[in-house]
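A.B. asks: The structure is given below, and queries will be raised subsequently.
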Amino acid sequence: MSQKDPTAPARFDPEQAAKYFFRHGHTGWLGLRYCAHGNNWVELELPWREDLLGEPDRPVLASGPIVSLMDMASGMAIWTTKTQFIPVATLDLRVDYQRAARDRASVFGRVECYRMTRSAAFVRGVAHDGDRDDPVAHIAGVFMVIGSDPRTGTALGQKSEMPHD
Amino acid sequence: MTEQASALQLPAYARSLGITIASMDERGPILTVDFGPNVEGRPGAFHGGATAGLLEAAGYAALRVALERDERRHGSQPQLKPINITVQYLTAGKQKQTFALGRITRLGRRNANLTVEAWQDDGSRPIATAVMNILMA
């Protein structure tokens, strides 16, 4: 993965991609924002919003938007790890809630892709409201790599450069 | 719509996403959301997070109704807090109205375990399912 391929399309850049992704659709409606990324992780922000509350009597963010945040951060962590956009589908996403997010606080979702195989990508991460050591939730997910590689026309997984093949 | 369905309050998030109560029968409340920009992920398909939001809202609604029907609780309603949710995505959610119904697998004193299914055209062919544990405090 580290060799430079001069014919490769532009490297997936989560910061640039966020500008496009979060302009419309569900993630645009939520108002997600890009925060930071590394080689195999992406962190996004879900800003506080009154109409995303989950309970009538307490100012607590609903957990649905947290799933959306973590699902999106998962996809972007996979593309960042792979360094290119590839179609993926969420197979399974698990969220373990540790505590309610603080009142009027943004929630940040940081997800890493810790393993890629021919057909699956495994992710894990935390949602937090400022302190990553005191998370709101832990997540774990599995994504299916679908379709074929538009560069070569071969199915993903036939490529020898895939790690762990 | 029955009296029970109209008394059921969906949280701000669910209403904001466009989720409404489609119907209520002996199995519990069926929640629904139309396809639209609010729920769109990949062009022409539901975002996984929106599908999860519908599943979760249906789970909470099912539990609220079950608690109201539970005479042992004498009308006192606990606060519901999520412990965890695991969503299984079975197939892409297309540009269609989507429904969800939660089933309470076990209603304990302090926690409840639910399974929720979401479907589009055919109730016997779910597009996603969820398992939820909810704490009743």
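All residue names refer to the structure tokens as shown: chains lettered A, B, ... in order, residues numbered from 1 in each chain, ligands numbered from 1 in order.
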With the cut-off set at 8 Å and counting only C-alpha atoms, tabulate each residue of chain B with an atom at most that distance from an atom of chain A, showing the nearest atom pair and its distance in Å to one decimal, ordered by chain and increasing number, as JSON lines.
C.D. replies:
```
{"residue": "B:Pro11", "atom": "CA", "partner": "A:Gly54", "partner_atom": "CA", "distance": 5.2}
{"residue": "B:Ala12", "atom": "CA", "partner": "A:Asp51", "partner_atom": "CA", "distance": 5.2}
{"residue": "B:Tyr13", "atom": "CA", "partner": "A:Leu52", "partner_atom": "CA", "distance": 4.1}
{"residue": "B:Ala14", "atom": "CA", "partner": "A:Gly54", "partner_atom": "CA", "distance": 7.8}
{"residue": "B:Ser16", "atom": "CA", "partner": "A:Asp51", "partner_atom": "CA", "distance": 6.3}
{"residue": "B:Pro37", "atom": "CA", "partner": "A:Gly25", "partner_atom": "CA", "distance": 4.7}
{"residue": "B:Asn38", "atom": "CA", "partner": "A:His26", "partner_atom": "CA", "distance": 4.6}
{"residue": "B:Val39", "atom": "CA", "partner": "A:His26", "partner_atom": "CA", "distance": 4.6}
{"residue": "B:Glu40", "atom": "CA", "partner": "A:Gly25", "partner_atom": "CA", "distance": 4.8}
{"residue": "B:Gly41", "atom": "CA", "partner": "A:Gly25", "partner_atom": "CA", "distance": 5.9}
{"residue": "B:His47", "atom": "CA", "partner": "A:His26", "partner_atom": "CA", "distance": 6.5}
{"residue": "B:Gly48", "atom": "CA", "partner": "A:Ser68", "partner_atom": "CA", "distance": 6.8}
{"residue": "B:Gly49", "atom": "CA", "partner": "A:Ser68", "partner_atom": "CA", "distance": 3.7}
{"residue": "B:Ala50", "atom": "CA", "partner": "A:Ser68", "partner_atom": "CA", "distance": 6.7}
{"residue": "B:Ala52", "atom": "CA", "partner": "A:Gly64", "partner_atom": "CA", "distance": 6.3}
{"residue": "B:Gly53", "atom": "CA", "partner": "A:Gly64", "partner_atom": "CA", "distance": 4.3}
{"residue": "B:Leu54", "atom": "CA", "partner": "A:Gly64", "partner_atom": "CA", "distance": 8.0}
{"residue": "B:Glu56", "atom": "CA", "partner": "A:Gly64", "partner_atom": "CA", "distance": 6.9}
{"residue": "B:Pro82", "atom": "CA", "partner": "A:Tyr97", "partner_atom": "CA", "distance": 6.5}
{"residue": "B:Ile83", "atom": "CA", "partner": "A:Tyr97", "partner_atom": "CA", "distance": 5.3}
{"residue": "B:Asn84", "atom": "CA", "partner": "A:Asp96", "partner_atom": "CA", "distance": 4.4}
{"residue": "B:Ile85", "atom": "CA", "partner": "A:Val95", "partner_atom": "CA", "distance": 5.4}
{"residue": "B:Thr86", "atom": "CA", "partner": "A:Arg94", "partner_atom": "CA", "distance": 4.1}
{"residue": "B:Val87", "atom": "CA", "partner": "A:Leu93", "partner_atom": "CA", "distance": 5.3}
{"residue": "B:Gln88", "atom": "CA", "partner": "A:Asp92", "partner_atom": "CA", "distance": 4.6}
{"residue": "B:Tyr89", "atom": "CA", "partner": "A:Leu91", "partner_atom": "CA", "distance": 5.0}
{"residue": "B:Leu90", "atom": "CA", "partner": "A:Leu91", "partner_atom": "CA", "distance": 7.0}
```
A.B. asks: Can you pull out the residues contacting Leu8 in chain B? Cut-off 10 Å, using only C-alpha atoms, and skip same-chain residues under 5 positions away; I want them as a PyMOL selection string.
C.D. replies: chain B and resi 3+21+29+61-62+64-65+68
A.B. asks: Mind the document's chain letters and residue numbers, and return as number ranges by chain the residues of range 24-101 of chain B that DSSP labels helix (DSSP H, G or I).
C.D. replies: B: 37-39, 48-69, 71-73
A.B. asks: Could you give me the residues within range 25-102 of chain A that DSSP places in strand (DSSP E), as a list in words?
C.D. replies: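 Result set for range 25-102 of chain A (strand (DSSP E)): Arg33, Tyr34, Cys35, Ala36, His37, Trp41, Val42, Glu43, Leu44, Glu45, Leu46, Val88, Ala89, Thr90, Leu91, Asp92, Leu93, Arg94, Val95, Asp96 and Tyr97 of chain A.
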A.B. asks: Those residues with C-alpha atoms, as a tab-separated table (two decimals), in the first residue's frame please?
C.D. replies:
```tsv
chain	number	residue	atom	x	y	z
A	33	ARG	CA	-18.43	18.26	10.12
A	34	TYR	CA	-14.94	16.98	9.46
A	35	CYS	CA	-12.53	17.19	12.43
A	36	ALA	CA	-9.35	15.22	11.83
A	37	HIS	CA	-7.94	12.03	10.37
A	41	TRP	CA	-9.01	6.79	11.24
A	42	VAL	CA	-11.39	9.69	10.80
A	43	GLU	CA	-13.03	11.93	13.38
A	44	LEU	CA	-16.26	13.81	12.66
A	45	GLU	CA	-18.37	16.21	14.70
A	46	LEU	CA	-22.12	16.13	15.26
A	88	VAL	CA	-19.06	-0.36	0.88
A	89	ALA	CA	-22.24	-1.45	2.63
A	90	THR	CA	-22.75	-1.64	6.38
A	91	LEU	CA	-23.39	-5.25	7.41
A	92	ASP	CA	-23.45	-4.91	11.14
A	93	LEU	CA	-22.98	-1.98	13.49
A	94	ARG	CA	-23.02	-2.26	17.27
A	95	VAL	CA	-23.18	0.70	19.63
A	96	ASP	CA	-22.59	0.32	23.38
A	97	TYR	CA	-23.71	3.43	25.21
```
A.B. asks: Between CA of Gln77 in chain B and CA of Ala57 in chain B, what distance in Å does the model show, to one decimal?
C.D. replies: 17.0 Å
A.B. asks: Just the number, please: distance in Å from CA of Thr20 in chain B to CA of Gly31 in chain A, one decimal.
C.D. replies: 22.3 Å
A.B. asks: So the first atom is CA of Leu101 in chain B and the second is CA of Ile30 in chain B; what is the distance between them in Å, to one decimal place?
C.D. replies: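 So the answer is 4.9 Å.
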A.B. asks: Taking 2 positions as the minimum chain separation for residues in the same chain, which residues sit within 12 Å of Arg115 in chain A when counting only C-alpha atoms? Answer as a list of chain:residue names.
C.D. replies: A:Asn40, A:Trp41, A:Ala77, A:Ile78, A:Thr81, A:Lys82, A:Glu112, A:Cys113, A:Thr117, A:Arg118, A:Ser119, A:Ala120, A:Ala121, A:Phe122, A:Val123, A:Arg124, A:Ala140, A:Gly141, A:Val142, A:Phe143, A:Met162, A:Pro163, A:His164, A:Asp165
A.B. asks: Excluding Val33 in chain B and any residue of its chain fewer than 2 positions from it, enumerate the residues within 9 Å of it, using only C-alpha atoms, and give them as a list in words.
C.D. replies: Leu17, Gly18, Ile19, Thr20, Ile21, Ala22, Leu31, Phe35, Gly36, Val39, Leu54, Lys96, Gln97, Thr98, Phe99 and Ala100 of chain B
A.B. asks: Give me, as a JSON list (two decimals) with C-alpha atoms, in the first residue's frame, all polymer residues having an atom no more than 10 Å from Pro126 in chain B, counting only C-alpha atoms and skipping those fewer than 2 positions away in the same chain.
C.D. replies:
```json
[["chain", "number", "residue", "atom", "x", "y", "z"],
["B", 89, "TYR", "CA", -28.25, -4.34, 7.42],
["B", 90, "LEU", "CA", -29.79, -6.96, 5.15],
["B", 91, "THR", "CA", -30.29, -5.07, 1.91],
["B", 93, "GLY", "CA", -33.19, 0.67, 1.66],
["B", 98, "THR", "CA", -40.17, 2.25, 5.16],
["B", 99, "PHE", "CA", -41.84, 0.70, 8.20],
["B", 100, "ALA", "CA", -40.57, -0.71, 11.49],
["B", 116, "VAL", "CA", -36.93, -4.64, 15.74],
["B", 117, "GLU", "CA", -37.50, -5.19, 12.03],
["B", 118, "ALA", "CA", -37.68, -2.62, 9.23],
["B", 119, "TRP", "CA", -39.21, -3.37, 5.84],
["B", 120, "GLN", "CA", -40.46, -1.65, 2.69],
["B", 121, "ASP", "CA", -42.91, -3.47, 0.39],
["B", 122, "ASP", "CA", -43.13, -6.81, 2.10],
["B", 123, "GLY", "CA", -43.24, -7.27, 5.87],
["B", 124, "SER", "CA", -41.80, -10.76, 5.53],
["B", 128, "ALA", "CA", -32.68, -4.31, 8.46],
["B", 129, "THR", "CA", -33.09, -5.68, 11.96]]
```
A.B. asks: Residues at most 9 Å from Asp129 in chain A, counting only C-alpha atoms, excluding those fewer than 4 positions away in the same chain, as a tab-separated table (two decimals) with N, CA and C atoms, in the first residue's frame?
C.D. replies:
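Wrote it out as out.tsv, contents follow:
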```tsv
chain	number	residue	atom	x	y	z
A	101	ALA	N	-24.70	11.94	26.43
A	101	ALA	CA	-23.84	13.07	26.07
A	101	ALA	C	-24.24	14.29	26.90
A	102	ARG	N	-23.28	15.15	27.21
A	102	ARG	CA	-23.56	16.34	28.00
A	102	ARG	C	-24.52	17.27	27.27
A	105	ALA	N	-23.71	19.77	24.17
A	105	ALA	CA	-22.35	19.49	23.71
A	105	ALA	C	-22.38	18.83	22.33
A	106	SER	N	-21.40	19.18	21.50
A	106	SER	CA	-21.18	18.44	20.27
A	106	SER	C	-20.75	17.03	20.64
A	107	VAL	N	-21.08	16.07	19.76
A	107	VAL	CA	-20.55	14.72	19.94
A	107	VAL	C	-19.57	14.45	18.80
A	108	PHE	N	-18.42	13.91	19.14
A	108	PHE	CA	-17.39	13.61	18.16
A	108	PHE	C	-17.30	12.10	17.98
A	109	GLY	N	-17.20	11.68	16.74
A	109	GLY	CA	-17.10	10.25	16.45
A	109	GLY	C	-15.77	9.96	15.81
A	134	ASP	N	-13.21	9.55	28.10
A	134	ASP	CA	-14.49	9.42	28.81
A	134	ASP	C	-15.60	9.35	27.77
A	135	PRO	N	-15.66	8.24	27.01
A	135	PRO	CA	-16.55	8.19	25.85
A	135	PRO	C	-18.03	8.14	26.20
A	136	VAL	N	-18.82	8.59	25.27
A	136	VAL	CA	-20.28	8.46	25.33
A	136	VAL	C	-20.68	7.04	24.87
```
A.B. asks: List the neighbours of Asp70 in chain B out to 12 Å using only C-alpha atoms; skip same-chain residues closer than 6 positions along the sequence, and give me the result as a PyMOL selection string.
C.D. replies: chain B and resi 63-64+76-77+107-109
